[in-house]
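Presented below is the structure to which this report refers.
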Amino acid sequence: MKIAIEGMDGVGKSTVSELLAKDLGYEHYEQKLIDQLGMDRTFYKKLMKYVRSSDNKQMSAIFFTLKMMIDNDDNKDSIVERSVTSMVYFEKDNIDEKVLSTIMSLGVIPDITFLLYAPLEQRIERIRKRNPEDSDLKSSEAMVDGYDVMLDFVHQYDIPYIGIDTTNRSAETVAEICKVLIQGFEKCPENRKKEYLKRMNSIYGFDDLYITKGKLLCKKNTT
């Protein structure tokens, strides 16, 4: 089982991923590319800066595609932070539909994606608590609400996902919810998985906060 934990900066991806991986006995990678190749993190940051500043605007998408293929390249149960949904958000201005369709055919889609949500004000507060000097606080990409882009993408490409509103939930609670949902997803017959995901989104998700493609997404059951 390949699981991706997605969401904007400060939503709690790392903490939830670590807790969930420990509870399930899964491998956990913040950056599998770095861990598997023994890459120096300083070098990786320089490489990423170079790639993302290139005049060739497709280069970042191709680089992220390699990263995601490595994420899914073995049979081990694993959890990764950020996958194709984040790639689409960060590269939305640089990638066209033709290239994206090709990328989607290359084995980059996790078995299930958890898209964690928190409002911007709460994310900023969480980042400040972990590190008042965190560079994310100065990032124009991180300090916005990009969930409309992410939701558009997962719906358009039928990505198996469950959104989880973390606003009033601790990281421990969110990790426990993810664990239960994974177990339910694994037990669900193949022809019922889409129905299962839709039902769980109506309980835990946040689709009703956004209008995508001009349409209000499904209303959340808050009972």
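Labels used: A, B, ... for chains in the order of the structure tokens, numbers from 1 for residues in each chain, and numbers from 1 for ligands as shown.
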Let's see if you can do this: from backbone DSSP, list all alpha helix (DSSP H) residues in chain A, as a PyMOL selection string.
chain A and resi 13-24+32-37+41-53+59-71+84-90+97-104+120-130+147-156+171-187+193-204
Compile the contact shell of Ser14 in chain A as a short mmCIF file (atom, residue, chain, number, x, y, z; two decimals) with N, CA and C atoms, in the first residue's frame: residues with an atom at most 9 Å away, counting only C-alpha atoms, same-chain residues fewer than 6 positions apart removed.
data_model
loop_
_atom_site.label_atom_id
_atom_site.label_comp_id
_atom_site.auth_asym_id
_atom_site.auth_seq_id
_atom_site.Cartn_x
_atom_site.Cartn_y
_atom_site.Cartn_z
N ILE A 5 0.51 11.67 2.11
CA ILE A 5 -0.09 12.65 3.00
C ILE A 5 0.16 14.02 2.37
N GLU A 30 10.03 11.39 4.31
CA GLU A 30 9.78 12.80 4.04
C GLU A 30 10.22 13.10 2.61
N GLU A 81 5.38 12.03 2.21
CA GLU A 81 4.84 13.37 2.36
C GLU A 81 4.95 14.09 1.02
#
Which residue of A:Leu33, A:Asp71, A:Ile62, A:His155 approaches Leu100 in chain A most closely, using only C-alpha atoms
A:Ile62
Would you mind listing what lies within 10 Å of range 158-163 of chain A as a PyMOL selection string, with only C-alpha atoms counted and same-chain residues fewer than 3 positions away left out?
chain A and resi 3-7+84-85+109-117+151-155+166+178+181+193-194+196-207
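All residues in range 35-145 of chain A with a DSSP state of strand (DSSP E or B), computed from the backbone, read Ser78, Ile79, Val80, Glu81, Ile112, Thr113, Phe114, Leu115, Leu116 and Tyr117 of chain A.
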File dump, residues just selected, C-alpha atoms, as a tab-separated table (two decimals), in the first residue's frame:
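And here's again20.tsv as it stands now:
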chain	number	residue	atom	x	y	z
A	78	SER	CA	5.07	3.15	2.74
A	79	ILE	CA	3.93	6.66	3.51
A	80	VAL	CA	5.32	9.69	1.71
A	81	GLU	CA	4.84	13.37	2.36
A	112	ILE	CA	-4.70	6.41	-1.41
A	113	THR	CA	-4.06	10.09	-0.71
A	114	PHE	CA	-5.01	11.87	2.49
A	115	LEU	CA	-5.48	15.58	1.84
A	116	LEU	CA	-5.18	17.37	5.18
A	117	TYR	CA	-6.83	20.75	5.61
Write out as a list in words the residues lying within 9 Å of Ser86 in chain A, counting only C-alpha atoms and excluding same-chain residues fewer than 4 positions away.
Glu6, Gly7, Met8, Arg82, Phe90, Glu91 and Met150 of chain A
Within 12 Å of Leu66 in chain A using only C-alpha atoms, minus same-chain residues under 5 positions, as a PyMOL selection string:
chain A and resi 32-33+59-61+71-73+83-84+87+103+106-108
Selection above as a file: all heavy atoms, as a short mmCIF file (atom, residue, chain, number, x, y, z; two decimals), in the first residue's frame:
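The resulting file, part_2.cif, is reproduced below:
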data_model
loop_
_atom_site.label_atom_id
_atom_site.label_comp_id
_atom_site.auth_asym_id
_atom_site.auth_seq_id
_atom_site.Cartn_x
_atom_site.Cartn_y
_atom_site.Cartn_z
N LYS A 32 11.86 10.39 -0.06
CA LYS A 32 12.41 9.08 -0.35
C LYS A 32 13.61 9.17 -1.29
O LYS A 32 14.57 8.39 -1.19
CB LYS A 32 11.34 8.18 -0.97
CG LYS A 32 11.78 6.72 -1.12
CD LYS A 32 10.64 5.86 -1.61
CE LYS A 32 11.07 4.40 -1.76
NZ LYS A 32 9.97 3.55 -2.24
N LEU A 33 13.58 10.13 -2.21
CA LEU A 33 14.68 10.32 -3.13
C LEU A 33 15.99 10.55 -2.37
O LEU A 33 17.03 9.97 -2.70
CB LEU A 33 14.39 11.52 -4.05
CG LEU A 33 15.48 11.94 -5.04
CD1 LEU A 33 15.75 10.81 -6.03
CD2 LEU A 33 15.09 13.21 -5.77
N MET A 59 10.90 21.54 -16.55
CA MET A 59 11.94 20.80 -15.83
C MET A 59 11.49 20.37 -14.44
O MET A 59 11.74 19.25 -14.00
CB MET A 59 13.23 21.62 -15.73
CG MET A 59 14.40 20.81 -15.18
SD MET A 59 15.92 21.79 -14.99
CE MET A 59 16.29 22.16 -16.71
N SER A 60 10.81 21.27 -13.71
CA SER A 60 10.36 20.92 -12.36
C SER A 60 9.40 19.75 -12.38
O SER A 60 9.49 18.83 -11.56
CB SER A 60 9.68 22.13 -11.70
OG SER A 60 10.60 23.12 -11.38
N ALA A 61 8.45 19.78 -13.33
CA ALA A 61 7.47 18.70 -13.42
C ALA A 61 8.16 17.36 -13.70
O ALA A 61 7.80 16.33 -13.12
CB ALA A 61 6.44 19.01 -14.49
N ASP A 71 9.15 7.11 -5.31
CA ASP A 71 8.26 6.89 -4.16
C ASP A 71 7.48 5.57 -4.30
O ASP A 71 7.21 4.89 -3.31
CB ASP A 71 7.26 8.03 -4.03
CG ASP A 71 7.89 9.32 -3.52
OD1 ASP A 71 9.01 9.27 -2.97
OD2 ASP A 71 7.25 10.38 -3.67
N ASN A 72 7.10 5.23 -5.51
CA ASN A 72 6.24 4.06 -5.76
C ASN A 72 6.99 2.87 -6.33
O ASN A 72 6.37 1.94 -6.85
CB ASN A 72 5.11 4.44 -6.72
CG ASN A 72 4.16 5.46 -6.13
OD1 ASN A 72 4.06 5.59 -4.92
ND2 ASN A 72 3.48 6.20 -6.98
N ASP A 73 8.32 2.86 -6.19
CA ASP A 73 9.14 1.93 -6.96
C ASP A 73 9.39 0.58 -6.30
O ASP A 73 10.11 -0.22 -6.85
CB ASP A 73 10.49 2.57 -7.30
CG ASP A 73 11.27 1.77 -8.33
OD1 ASP A 73 10.65 1.30 -9.30
OD2 ASP A 73 12.49 1.61 -8.15
N SER A 83 3.02 14.29 -2.85
CA SER A 83 3.10 13.46 -4.04
C SER A 83 2.55 14.26 -5.21
O SER A 83 2.78 15.46 -5.30
CB SER A 83 2.33 12.14 -3.81
OG SER A 83 2.50 11.27 -4.91
N VAL A 84 1.79 13.59 -6.07
CA VAL A 84 1.38 14.23 -7.31
C VAL A 84 0.45 15.42 -7.09
O VAL A 84 0.48 16.40 -7.84
CB VAL A 84 0.74 13.19 -8.25
CG1 VAL A 84 -0.55 12.63 -7.68
CG2 VAL A 84 0.51 13.76 -9.64
N MET A 87 2.62 18.33 -6.42
CA MET A 87 3.32 18.70 -7.65
C MET A 87 2.43 19.56 -8.53
O MET A 87 2.87 20.59 -9.07
CB MET A 87 3.77 17.44 -8.41
CG MET A 87 4.63 17.72 -9.65
SD MET A 87 3.69 18.12 -11.15
CE MET A 87 3.00 16.52 -11.54
N ILE A 103 2.37 12.41 -17.45
CA ILE A 103 2.88 12.12 -16.11
C ILE A 103 1.95 11.16 -15.37
O ILE A 103 2.40 10.22 -14.70
CB ILE A 103 3.04 13.42 -15.31
CG1 ILE A 103 4.20 14.24 -15.89
CG2 ILE A 103 3.27 13.14 -13.83
CD1 ILE A 103 4.33 15.63 -15.30
N LEU A 106 2.44 7.36 -15.65
CA LEU A 106 3.77 6.82 -15.36
C LEU A 106 3.91 6.23 -13.96
O LEU A 106 5.01 6.15 -13.41
CB LEU A 106 4.83 7.93 -15.56
CG LEU A 106 4.96 8.45 -16.99
CD1 LEU A 106 5.97 9.59 -17.04
CD2 LEU A 106 5.39 7.33 -17.94
N GLY A 107 2.81 5.83 -13.36
CA GLY A 107 2.88 5.17 -12.06
C GLY A 107 3.18 6.10 -10.91
O GLY A 107 3.94 5.75 -10.01
N VAL A 108 2.60 7.28 -10.92
CA VAL A 108 2.87 8.27 -9.88
C VAL A 108 1.71 8.41 -8.88
O VAL A 108 1.82 9.18 -7.93
CB VAL A 108 3.18 9.65 -10.49
CG1 VAL A 108 4.42 9.58 -11.38
CG2 VAL A 108 1.99 10.20 -11.27
#
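Counting only C-alpha atoms, the residue from A:Met143, A:Ile124, A:Ala171, A:Ile177 that sits nearest to Gly12 in chain A is A:Ala171.
Separating CA of Ser101 in chain A from CA of Ile70 in chain A is a distance of 18.7 Å.
Atom to atom, CA of Asp9 in chain A and CA of Ile127 in chain A stand 8.0 Å apart.
Across the structure, CA of Thr65 in chain A and CA of Ala21 in chain A are spaced 23.5 Å apart.
Closest approach to Phe64 in chain A among A:Gln31, A:Ser139, A:Arg41, A:Ala175 is made by A:Gln31 (distances from only C-alpha atoms).
Of the listed residues (A:Lys179, A:Arg169, A:Lys67, A:Lys45), A:Lys179 comes nearest to Ser17 in chain A; the distances count only C-alpha atoms.
Distance annotation: of A:Asn94, A:Thr102, A:Gln122, A:Thr42, the residue with the minimal separation from Asp165 in chain A is A:Gln122; atom set is only C-alpha atoms.
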